[in-house]
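Student: I am sharing run-v4.txt, which consists of compact mmCIF, C-alpha atoms:
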```
# COMPACT_ATOMS: atom_id res chain seq x y z
CA MET A 55 -2.31 -26.76 31.45
CA PRO A 56 -5.25 -26.52 33.87
CA TYR A 57 -7.55 -24.21 31.89
CA ARG A 58 -10.29 -24.12 34.45
CA LEU A 59 -7.90 -23.23 37.24
CA LEU A 60 -6.41 -20.45 35.13
CA ALA A 61 -9.82 -19.04 34.24
CA GLY A 62 -10.73 -19.10 37.93
CA LEU A 63 -7.59 -17.25 38.88
CA LEU A 64 -8.15 -14.61 36.24
CA ALA A 65 -11.71 -14.09 37.39
CA ALA A 66 -10.63 -13.84 41.00
CA VAL A 67 -7.72 -11.50 40.52
CA LEU A 68 -8.49 -9.23 37.59
CA PRO A 69 -11.34 -7.27 39.22
CA CYS A 70 -8.94 -6.19 41.93
CA VAL A 71 -6.78 -4.36 39.42
CA GLY A 72 -7.83 -0.72 39.48
CA MET A 73 -7.89 -0.17 43.23
CA ALA A 74 -5.49 2.25 44.86
CA GLN A 75 -2.22 2.20 43.03
CA GLN A 76 -0.07 0.41 45.63
CA ASP A 77 -2.74 -2.22 46.00
CA THR A 78 -2.82 -2.53 42.22
CA GLN A 79 0.90 -3.15 42.07
CA LYS A 80 0.59 -5.68 44.88
CA GLU A 81 -2.27 -7.42 43.12
CA ILE A 82 -0.30 -7.62 39.89
CA GLU A 83 2.60 -9.16 41.81
CA ARG A 84 0.25 -11.67 43.43
CA TYR A 85 -1.30 -12.40 40.06
CA ARG A 86 2.15 -13.03 38.58
CA GLN A 87 2.95 -15.36 41.44
CA LEU A 88 -0.30 -17.26 41.01
CA LEU A 89 0.42 -17.72 37.34
CA ALA A 90 4.10 -18.49 37.77
CA GLU A 91 3.31 -22.20 37.67
CA GLY A 92 0.90 -21.84 34.81
CA ASN A 93 1.83 -19.07 32.38
CA PRO A 94 -0.55 -19.35 29.40
CA ALA A 95 2.60 -19.06 27.26
CA ASP A 96 3.03 -22.79 28.02
CA LEU A 97 0.41 -23.46 25.37
CA PHE A 98 2.37 -21.40 22.83
CA GLU A 99 5.57 -23.25 23.71
CA ALA A 100 3.89 -26.60 23.13
CA ARG A 101 2.39 -25.53 19.81
CA GLY A 102 5.73 -24.03 18.81
CA GLU A 103 7.57 -27.27 19.52
CA GLU A 104 5.09 -29.20 17.42
CA LEU A 105 5.43 -26.69 14.56
CA TRP A 106 9.23 -26.86 14.84
CA LYS A 107 9.27 -30.64 14.50
CA THR A 108 6.58 -31.04 11.82
CA PRO A 109 7.56 -31.21 8.14
CA ARG A 110 6.03 -28.12 6.49
CA GLY A 111 6.42 -25.78 3.53
CA PRO A 112 7.18 -26.44 -0.15
CA LYS A 113 10.13 -28.65 0.83
CA ASN A 114 8.07 -30.54 3.42
CA THR A 115 10.85 -30.31 5.99
CA SER A 116 10.86 -29.58 9.70
CA LEU A 117 12.91 -26.83 11.35
CA GLU A 118 14.91 -29.33 13.40
CA ARG A 119 18.11 -28.70 11.39
CA CYS A 120 17.84 -24.93 11.81
CA ASP A 121 21.12 -23.26 12.83
CA LEU A 122 20.27 -20.70 15.50
CA GLY A 123 23.92 -19.86 16.03
CA LEU A 124 25.19 -22.85 17.98
CA GLY A 125 25.18 -25.22 14.99
CA ALA A 126 22.51 -26.95 12.94
CA GLY A 127 19.95 -28.63 15.16
CA VAL A 128 20.96 -27.00 18.47
CA VAL A 129 18.01 -25.25 20.10
CA LYS A 130 19.03 -25.54 23.77
CA GLY A 131 20.73 -22.34 24.90
CA ALA A 132 20.68 -20.76 21.43
CA TYR A 133 18.33 -17.90 22.34
CA ALA A 134 20.75 -16.82 25.07
CA GLN A 135 23.33 -15.97 22.38
CA LEU A 136 21.11 -13.84 20.16
CA PRO A 137 21.19 -11.47 18.40
CA ARG A 138 24.42 -12.48 16.65
CA TYR A 139 26.21 -12.36 13.30
CA PHE A 140 25.51 -15.24 10.91
CA PRO A 141 28.09 -15.85 8.14
CA ASP A 142 25.58 -17.55 5.82
CA THR A 143 23.35 -14.49 5.60
CA ASP A 144 26.18 -12.01 6.35
CA ARG A 145 23.80 -10.23 8.74
CA VAL A 146 23.24 -9.75 12.41
CA GLN A 147 19.99 -11.55 13.18
CA ASP A 148 17.63 -11.82 16.12
CA LEU A 149 15.51 -14.82 17.00
CA GLU A 150 12.65 -13.99 14.68
CA SER A 151 14.67 -13.00 11.61
CA ARG A 152 16.70 -16.21 12.06
CA ILE A 153 13.56 -18.35 12.23
CA VAL A 154 12.44 -16.65 8.99
CA THR A 155 15.81 -17.58 7.41
CA CYS A 156 15.33 -21.23 8.38
CA MET A 157 11.74 -21.25 7.08
CA VAL A 158 13.08 -19.96 3.76
CA THR A 159 16.20 -22.10 3.40
CA LEU A 160 15.02 -25.35 5.01
CA GLN A 161 11.31 -25.34 4.33
CA GLY A 162 11.26 -23.42 1.05
CA PHE A 163 8.85 -20.67 2.11
CA LYS A 164 9.07 -17.36 0.28
CA PRO A 165 10.39 -14.66 2.65
CA GLU A 166 7.14 -12.70 2.35
CA ASP A 167 5.16 -15.81 3.33
CA ALA A 168 7.46 -16.54 6.27
CA MET A 169 6.91 -12.96 7.51
CA LYS A 170 3.22 -12.74 6.67
CA ASN A 171 1.66 -13.09 10.10
CA PRO A 172 4.18 -12.38 12.88
CA PHE A 173 1.63 -10.72 15.21
CA SER A 174 -1.58 -12.58 15.92
CA ALA A 175 -5.03 -11.01 15.98
CA PRO A 176 -8.26 -12.47 17.43
CA GLY A 177 -9.11 -15.51 15.32
CA ARG A 178 -5.80 -15.38 13.48
CA PRO A 179 -3.10 -17.10 15.53
CA SER A 180 0.55 -16.55 14.63
CA ASP A 181 2.99 -19.42 14.09
CA MET A 182 5.85 -17.02 14.85
CA GLU A 183 4.53 -16.30 18.35
CA ALA A 184 4.50 -20.06 19.01
CA LEU A 185 7.88 -20.78 17.41
CA ALA A 186 9.58 -17.89 19.25
CA SER A 187 8.04 -19.08 22.55
CA TYR A 188 9.38 -22.59 22.04
CA VAL A 189 12.93 -21.56 21.10
CA ALA A 190 13.15 -18.95 23.88
CA ALA A 191 11.91 -21.42 26.50
CA GLU A 192 14.73 -23.79 25.53
CA SER A 193 17.13 -21.23 27.07
CA LYS A 194 15.31 -20.88 30.41
CA GLY A 195 17.80 -20.41 33.22
CA VAL A 196 20.71 -19.72 30.82
CA LYS A 197 22.47 -16.37 31.20
CA LEU A 198 22.19 -14.02 28.24
CA ALA A 199 25.50 -13.80 26.39
CA ALA A 200 24.89 -11.96 23.11
CA PRO A 201 28.35 -11.98 21.53
CA LEU A 202 29.03 -8.33 20.45
CA ARG A 203 32.46 -9.29 19.06
CA HIS A 204 32.11 -9.48 15.27
CA PRO A 205 32.56 -6.10 13.52
CA LYS A 206 28.97 -6.28 12.27
CA GLU A 207 27.71 -6.92 15.80
CA ILE A 208 29.63 -3.90 17.04
CA GLU A 209 28.31 -1.84 14.14
CA ALA A 210 24.76 -2.94 14.96
CA PHE A 211 25.27 -1.84 18.57
CA GLN A 212 26.46 1.60 17.41
CA ILE A 213 23.50 2.01 15.05
CA GLY A 214 21.14 0.89 17.80
CA GLU A 215 22.66 3.44 20.16
CA GLN A 216 22.07 6.26 17.65
CA LEU A 217 18.48 5.13 17.10
CA PHE A 218 17.83 4.87 20.83
CA TYR A 219 18.37 8.63 21.22
CA ARG A 220 16.81 9.70 17.90
CA ARG A 221 13.93 12.14 18.43
CA ALA A 222 11.32 12.54 15.73
CA GLY A 223 7.63 12.86 14.97
CA PRO A 224 4.94 15.24 16.20
CA HIS A 225 5.69 14.45 19.86
CA ASP A 226 9.53 14.61 19.64
CA PHE A 227 9.72 11.12 21.15
CA SER A 228 12.72 8.79 21.25
CA CYS A 229 13.26 5.55 23.19
CA VAL A 230 14.83 7.69 25.92
CA SER A 231 11.55 9.57 26.44
CA CYS A 232 10.35 6.55 28.43
CA HIS A 233 13.46 4.46 29.06
CA GLY A 234 16.12 6.95 30.11
CA GLU A 235 15.57 7.15 33.87
CA ASN A 236 15.10 4.78 36.78
CA GLY A 237 11.85 4.41 38.67
CA LYS A 238 9.53 6.23 36.25
CA ARG A 239 6.02 5.28 35.15
CA ILE A 240 3.58 5.89 32.29
CA ARG A 241 0.24 5.96 34.13
CA LEU A 242 0.73 2.95 36.48
CA GLN A 243 3.08 1.04 34.20
CA GLU A 244 6.64 0.95 35.52
CA LEU A 245 9.30 1.66 32.91
CA PRO A 246 12.74 0.07 32.70
CA LYS A 247 15.81 2.23 32.16
CA LEU A 248 17.24 0.18 29.34
CA THR A 249 20.84 1.33 29.78
CA ASP A 250 20.81 0.19 33.39
CA PRO A 251 21.94 -3.47 33.58
CA HIS A 252 19.63 -4.16 36.53
CA ASP A 253 16.52 -3.08 34.61
CA ALA A 254 17.71 -4.31 31.21
CA GLN A 255 18.50 -7.81 32.51
CA ARG A 256 15.07 -8.13 34.11
CA ILE A 257 13.17 -6.88 31.05
CA PHE A 258 15.06 -8.10 27.99
CA THR A 259 15.27 -11.69 29.23
CA THR A 260 11.50 -12.01 29.70
CA TRP A 261 10.51 -11.49 26.05
CA PRO A 262 8.72 -13.11 24.32
CA ALA A 263 5.98 -12.76 26.91
CA TYR A 264 2.34 -13.61 27.38
CA ARG A 265 0.58 -10.24 27.56
CA VAL A 266 -2.51 -10.41 29.73
CA SER A 267 -3.99 -7.25 28.15
CA GLN A 268 -3.70 -8.77 24.69
CA GLY A 269 -4.41 -12.41 25.51
CA THR A 270 -1.48 -13.71 23.52
CA VAL A 271 2.27 -14.09 23.46
CA ARG A 272 4.02 -11.09 21.97
CA THR A 273 7.58 -11.13 20.67
CA MET A 274 10.42 -8.62 20.97
CA GLN A 275 9.73 -7.48 17.40
CA HIS A 276 6.17 -6.71 18.46
CA ARG A 277 7.41 -4.80 21.52
CA LEU A 278 9.48 -2.50 19.28
CA TYR A 279 6.66 -2.10 16.75
CA ASP A 280 4.36 -1.18 19.63
CA CYS A 281 6.85 1.36 21.02
CA TYR A 282 7.13 3.11 17.65
CA TRP A 283 3.33 3.11 17.37
CA GLN A 284 3.15 4.89 20.71
CA MET A 285 5.96 7.23 19.57
CA ARG A 286 3.72 8.37 16.68
CA HIS A 287 6.01 6.82 14.11
CA PRO A 288 4.71 4.77 11.20
CA GLN A 289 4.54 1.00 11.29
CA MET A 290 8.04 -0.44 11.72
CA ASP A 291 8.97 -3.10 9.16
CA TYR A 292 9.14 -6.59 10.64
CA ALA A 293 12.72 -7.76 11.27
CA SER A 294 14.14 -4.50 9.89
CA GLU A 295 17.84 -3.83 10.40
CA ALA A 296 16.90 -0.94 12.72
CA SER A 297 14.83 -3.21 14.96
CA ILE A 298 17.66 -5.72 15.25
CA ALA A 299 20.20 -2.95 15.94
CA LEU A 300 18.01 -1.77 18.83
CA GLU A 301 17.90 -5.33 20.18
CA VAL A 302 21.70 -5.57 20.02
CA PHE A 303 21.91 -2.25 21.88
CA MET A 304 19.59 -3.52 24.61
CA ALA A 305 21.30 -6.92 24.76
CA LYS A 306 24.61 -5.32 25.68
CA TYR A 307 23.11 -3.98 28.91
CA ALA A 308 21.02 -7.10 29.49
CA ASN A 309 23.92 -9.53 29.09
CA GLY A 310 24.40 -11.64 32.22
CA GLY A 311 20.70 -11.73 33.03
CA GLU A 312 19.07 -15.16 33.20
CA ILE A 313 16.59 -15.95 30.41
CA GLN A 314 13.12 -16.40 31.91
CA ALA A 315 11.14 -16.42 28.68
CA PRO A 316 8.38 -16.55 27.80
CA GLY A 317 7.56 -14.06 30.53
CA LEU A 318 4.22 -12.79 31.80
CA LYS A 319 3.38 -9.12 31.44
CA ARG A 320 0.53 -6.66 31.67
CA MET B 156 32.88 3.54 13.40
CA ARG B 157 33.24 7.19 14.36
CA ASP B 158 30.24 8.93 15.86
CA ASP B 159 29.37 10.86 12.67
CA GLN B 160 29.68 7.68 10.59
CA ALA B 161 27.43 5.83 13.02
CA ARG B 162 24.93 8.67 12.78
CA GLN B 163 24.88 8.51 8.98
CA ARG B 164 24.52 4.73 8.99
CA ALA B 165 21.74 4.96 11.57
CA GLU B 166 19.89 7.53 9.45
CA ARG B 167 19.98 5.19 6.46
CA VAL B 168 18.91 2.18 8.52
CA PHE B 169 16.10 4.29 10.00
CA ARG B 170 14.78 5.28 6.56
CA GLU B 171 14.82 1.62 5.50
CA ALA B 172 12.77 0.58 8.54
CA PHE B 173 9.46 2.24 7.61
CA THR B 174 8.81 1.17 4.03
CA HIS B 175 5.46 -0.61 4.45
CA GLY B 176 3.49 1.91 6.48
CA ASN B 177 1.98 5.31 5.81
CA ARG B 178 4.32 7.19 3.43
CA GLN B 179 3.36 10.66 4.69
CA MET B 180 4.08 9.70 8.30
CA ALA B 181 7.37 8.13 7.26
CA ALA B 182 8.45 11.25 5.37
CA LYS B 183 7.80 13.31 8.50
CA VAL B 184 9.84 11.17 10.90
CA GLU B 185 12.71 10.71 8.44
CA VAL B 186 13.51 14.41 8.50
CA GLN B 187 14.21 15.81 11.96
CA ASP B 188 13.69 19.50 12.57
CA GLU B 189 16.66 21.46 13.92
CA VAL B 190 15.62 21.01 17.55
CA GLN B 191 15.12 17.26 17.23
CA ALA B 192 18.47 16.90 15.46
CA GLN B 193 20.36 18.90 18.11
CA CYS B 194 18.70 17.12 21.02
CA THR B 195 19.47 13.77 19.39
CA ARG B 196 23.09 14.74 18.78
CA TYR B 197 23.65 15.92 22.36
CA ARG B 198 21.43 13.24 23.90
CA ASN B 199 19.23 15.93 25.43
CA GLU B 200 22.12 17.66 27.18
CA PRO B 201 23.10 20.41 24.73
CA PRO B 202 26.00 22.77 25.48
CA LYS B 203 24.94 26.16 26.89
CA ASP B 204 25.11 28.16 23.63
CA ILE B 205 23.07 25.60 21.71
CA ALA B 206 20.55 25.32 24.56
CA ALA B 207 20.16 29.11 24.55
CA ALA B 208 19.68 29.17 20.76
CA ILE B 209 16.99 26.46 20.98
CA GLU B 210 15.16 28.31 23.76
CA ARG B 211 15.26 31.58 21.78
CA SER B 212 13.95 30.07 18.55
CA GLN B 213 11.23 28.11 20.34
CA ALA B 214 10.10 31.08 22.45
CA ALA B 215 9.77 33.09 19.25
CA SER B 216 7.52 30.37 17.76
CA ILE B 217 4.83 30.61 20.45
CA ARG B 218 1.59 32.17 19.22
CA TYR B 219 -0.38 33.50 22.18
CA PRO B 220 -4.16 33.88 21.69
CA ALA B 221 -4.97 37.06 19.79
CA SER B 222 -7.93 37.63 22.14
CA GLY B 223 -5.57 37.63 25.10
CA LYS B 224 -7.87 35.08 26.78
CA MET B 225 -5.75 32.20 28.05
CA LEU B 226 -7.99 30.75 30.77
CA GLY B 227 -10.41 28.24 29.17
CA ASP B 228 -12.68 25.63 30.75
CA TRP B 229 -10.99 23.33 33.26
CA ARG B 230 -13.57 20.56 32.62
CA GLU B 231 -12.52 20.45 28.99
CA GLY B 232 -8.92 20.58 30.17
CA GLU B 233 -9.44 17.50 32.35
CA ARG B 234 -10.86 15.60 29.36
CA ILE B 235 -7.92 16.58 27.15
CA ALA B 236 -5.44 15.65 29.91
CA GLN B 237 -7.01 12.17 30.16
CA ASP B 238 -7.19 11.55 26.41
CA GLY B 239 -4.24 9.95 24.63
CA TYR B 240 -5.92 9.75 21.24
CA GLY B 241 -4.28 10.97 18.08
CA MET B 242 -1.51 10.74 15.52
CA ARG B 243 -0.74 7.01 15.91
CA PHE B 244 -1.00 4.98 12.72
CA THR B 245 -4.15 3.30 14.02
CA ASP B 246 -5.88 6.65 14.74
CA PRO B 247 -7.62 7.25 11.43
CA ASP B 248 -10.37 9.55 12.65
CA THR B 249 -8.95 12.96 11.84
CA LYS B 250 -12.20 14.65 12.91
CA ARG B 251 -11.71 13.52 16.47
CA PRO B 252 -9.47 16.05 18.24
CA ASN B 253 -6.10 14.88 19.55
CA GLY B 254 -5.68 14.41 23.27
CA GLY B 255 -2.81 15.69 25.37
CA GLY B 256 -2.22 12.48 27.31
CA CYS B 257 -1.00 14.62 30.22
CA TYR B 258 -1.73 11.98 32.88
CA ASN B 259 0.68 9.61 31.13
CA CYS B 260 3.50 11.62 32.71
CA HIS B 261 2.02 13.98 35.34
CA ARG B 262 -0.01 13.79 38.51
CA ILE B 263 -2.75 16.43 38.05
CA SER B 264 -6.22 16.10 39.67
CA PRO B 265 -5.95 14.09 42.90
CA ALA B 266 -8.96 11.91 42.02
CA GLU B 267 -7.00 10.34 39.17
CA ILE B 268 -4.65 7.84 40.76
CA SER B 269 -3.45 6.35 37.48
CA TYR B 270 -0.81 8.94 36.64
CA GLY B 271 2.75 8.76 35.37
CA THR B 272 5.89 10.16 36.93
CA ILE B 273 8.10 11.17 33.99
CA GLY B 274 7.09 14.80 34.50
CA PRO B 275 6.66 16.65 37.82
CA SER B 276 3.45 16.55 39.85
CA LEU B 277 1.09 19.39 38.90
CA HIS B 278 -1.27 18.87 41.81
CA ARG B 279 -2.10 22.24 43.46
CA PHE B 280 -0.22 24.03 40.68
CA GLY B 281 -2.44 27.13 40.73
CA ALA B 282 -3.04 27.05 44.49
CA LEU B 283 0.70 27.50 44.96
CA ARG B 284 1.26 30.06 42.21
CA GLY B 285 -1.93 32.08 41.81
CA THR B 286 -3.93 32.69 38.63
CA GLY B 287 -2.52 35.99 37.38
CA GLU B 288 -1.73 36.85 33.79
CA ALA B 289 1.99 36.14 34.13
CA ILE B 290 1.43 32.55 35.28
CA GLN B 291 -1.28 32.03 32.63
CA ARG B 292 1.21 33.11 30.00
CA TYR B 293 3.85 30.81 31.46
CA VAL B 294 1.59 27.73 31.42
CA PHE B 295 0.26 28.49 27.93
CA GLY B 296 3.83 28.83 26.67
CA LYS B 297 5.00 25.67 28.47
CA VAL B 298 2.30 23.52 26.87
CA TYR B 299 2.68 25.25 23.49
CA ASP B 300 6.44 24.72 23.39
CA SER B 301 8.17 23.28 26.46
CA GLN B 302 11.58 23.87 24.89
CA ALA B 303 11.13 27.63 24.96
CA SER B 304 12.09 27.42 28.64
CA THR B 305 13.97 24.08 28.77
CA ALA B 306 15.95 23.05 25.70
CA CYS B 307 15.59 19.34 24.90
CA SER B 308 12.83 18.84 27.50
CA GLN B 309 11.19 15.44 27.08
CA MET B 310 7.76 17.07 26.97
CA PRO B 311 6.17 17.28 23.50
CA ARG B 312 5.84 20.75 21.92
CA PHE B 313 2.06 20.49 21.72
CA GLY B 314 1.34 23.83 20.09
CA HIS B 315 4.49 24.18 17.99
CA ASN B 316 3.97 20.76 16.43
CA GLY B 317 0.21 21.14 15.96
CA VAL B 318 -0.78 18.34 18.33
CA LEU B 319 -3.15 20.58 20.32
CA THR B 320 -5.01 23.69 19.19
CA GLU B 321 -4.73 27.10 20.83
CA GLU B 322 -8.19 26.62 22.36
CA GLN B 323 -7.31 23.18 23.77
CA ILE B 324 -4.23 24.68 25.40
CA THR B 325 -6.33 27.40 27.09
CA HIS B 326 -8.43 24.58 28.62
CA LEU B 327 -5.27 22.98 30.02
CA VAL B 328 -4.22 26.36 31.44
CA ALA B 329 -7.58 26.45 33.25
CA LEU B 330 -7.14 22.90 34.52
CA LEU B 331 -3.93 23.96 36.25
CA LEU B 332 -4.87 27.50 37.31
CA ASP B 333 -8.63 27.90 37.76
CA PRO B 334 -9.42 28.08 41.52
CA ASP B 335 -12.47 25.84 40.82
CA SER B 336 -10.36 23.15 39.14
CA PRO B 337 -9.97 19.97 41.25
CA VAL B 338 -6.22 20.45 40.83
CA ASN B 339 -6.40 23.37 43.28
CA LYS B 340 -8.92 22.00 45.76
```
In structure tokens, what does this structure look like?
Tutor:
Amino acid sequence: MPYRLLAGLLAAVLPCVGMAQQDTQKEIERYRQLLAEGNPADLFEARGEELWKTPRGPKNTSLERCDLGLGAGVVKGAYAQLPRYFPDTDRVQDLESRIVTCMVTLQGFKPEDAMKNPFSAPGRPSDMEALASYVAAESKGVKLAAPLRHPKEIEAFQIGEQLFYRRAGPHDFSCVSCHGENGKRIRLQELPKLTDPHDAQRIFTTWPAYRVSQGTVRTMQHRLYDCYWQMRHPQMDYASEASIALEVFMAKYANGGEIQAPGLKR
Amino acid sequence: MRDDQARQRAERVFREAFTHGNRQMAAKVEVQDEVQAQCTRYRNEPPKDIAAAIERSQAASIRYPASGKMLGDWREGERIAQDGYGMRFTDPDTKRPNGGGCYNCHRISPAEISYGTIGPSLHRFGALRGTGEAIQRYVFGKVYDSQASTACSQMPRFGHNGVLTEEQITHLVALLLDPDSPVNK
């Protein structure tokens, strides 16, 4: 990864953001294009791969035998079929909750330790952000095909659908407040209509993503946590059943879109 | 799963999703008020009779200023419209007033080009409608409780839910209606 080149690009392009709004959008597009060959998420992918293959935890084992849904040890294409039902845990799981399962069963971590630091902060990098980047990148170019066949997958979709429309809190917000119509914005940020396959395919398949405003890769779990923060809800529990149900709901509309993760976002 | 079963399951799953954060906040979002519950159930498109009942109950909840003075200071209004602070779990300073975050969804003063489009443009609102008492009352009521006129509107009920104070709302009325406000220039 050419650090110096990247730093140069950031310096050259970032000051332009904040001009007239159409120019801003154009600049962001140009910026995305410039970085397309060098998304900083590459660094997370590389660190994630190393973490995946290094013996760690009380059992001093790597994650290489982890079953992400396509059989023990298969990483290629696995992210494109998540979330899905797993018989061994009898739960529908997304990428992150499944990585936690493998850290517990294969490596011997306690669940609370495996879920201790899913979102990085300055000076406190997150292994999960790296691991999720690596696994997601191994499905690049594969079309999303979350199964939605097992009764528990269908149930998760139905729960997710209820939650998507659920209004609560001092601002009466629900997911639909921002994601129910095409072509809308919050300030200058364009919003996807998540029940529209065109928008859903473009958005859902590009998480995890390197977020320029936060200087790190953020995962889908973080995206949901951040939405509920903005919705004036309390902190959403990491890998909660509700969060996974919402992912299943979104995946139904995003199915068929090509995975291009980790993406690059504002 | 039938719709009512799915709703019950979703309510349980929802309650189980906020166990580590602020308990008081969690208790508040777990229980929906009648309006939130109806708008959720009908996905913001309630049948006519329910829409009418919501609009009646919400109109009755509006507390207009006792002084009768609804036109505040548009400069204060602009500040409140810009400010998105308040009521998130990382907003611990309860002495700092909440913002309205109006620009998140509305175009208002033309100088601010970073505006959202979920709500309609409010540019030239007063220039097109005048500044009389009837329109002041309309704007005050709309910000206080948007669902008094449009059941299941996406706009927060800023006064009804205690997000903004009566005085703050009068400043927003001035931002939209005062002839000196940049909105009407």
Student: Within 8 Å of chain B, which residues of chain A show up when using only C-alpha atoms, listed as JSON, numbers by chain?
Tutor: {"A": [74, 75, 209, 212, 213, 214, 216, 217, 219, 220, 221, 222, 223, 224, 225, 226, 227, 231, 232, 238, 239, 240, 241, 242, 243, 283, 284, 285, 286, 287, 288, 289, 290, 291, 294, 295, 296, 297]}
Student: Residues proximal to (17.0, 4.5, 35.0) were defined as those with any atom within 6 Å of that point in the file's coordinates, counting all atoms listed in the file. Which are they, as a PDB file with C-alpha atoms, keeping the file's coordinate frame?
Tutor:
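Wrote it out as out_23.pdb, contents follow:
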```
ATOM      1  CA  GLY A 234      16.120   6.950  30.110  1.00  0.00           C
ATOM      2  CA  GLU A 235      15.570   7.150  33.870  1.00  0.00           C
ATOM      3  CA  ASN A 236      15.100   4.780  36.780  1.00  0.00           C
ATOM      4  CA  LYS A 247      15.810   2.230  32.160  1.00  0.00           C
ATOM      5  CA  ASP A 250      20.810   0.190  33.390  1.00  0.00           C
TER       6      ASP A 250
END
```
Student: Can you measure CA of Cys120 (chain A) to CA of Ile298 (chain A) for me? One decimal in Å is fine.
Tutor: 19.5 Å
Student: Given all atoms listed in the file as the basis, pick out the residue of B:Pro265, B:Asn253, B:Gly281, B:Val338 nearest to Tyr293 (chain B).
Tutor: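 Smallest distance to Tyr293 (chain B) is found for B:Gly281.
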Student: Which neighbours of Leu185 (chain A) fall inside 12 Å, counting all atoms listed in the file, when residues of the same chain fewer than 4 positions from it are skipped, and could you give them as a ChimeraX atom specification?
Tutor: /A:95-108,117-118,129,133,149-154,156-157,168,172,179-181,189-192,262,271-273,316
Student: Work out how far CA of Trp229 (chain B) is from CA of Asp335 (chain B), in Å to one decimal.
Tutor: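 The value is 8.1 Å.
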Student: What is the CA of Pro109 (chain A) to CA of Gly127 (chain A) distance in Å?
Tutor: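 Between CA of Pro109 (chain A) and CA of Gly127 (chain A) the gap is 14.5 Å.
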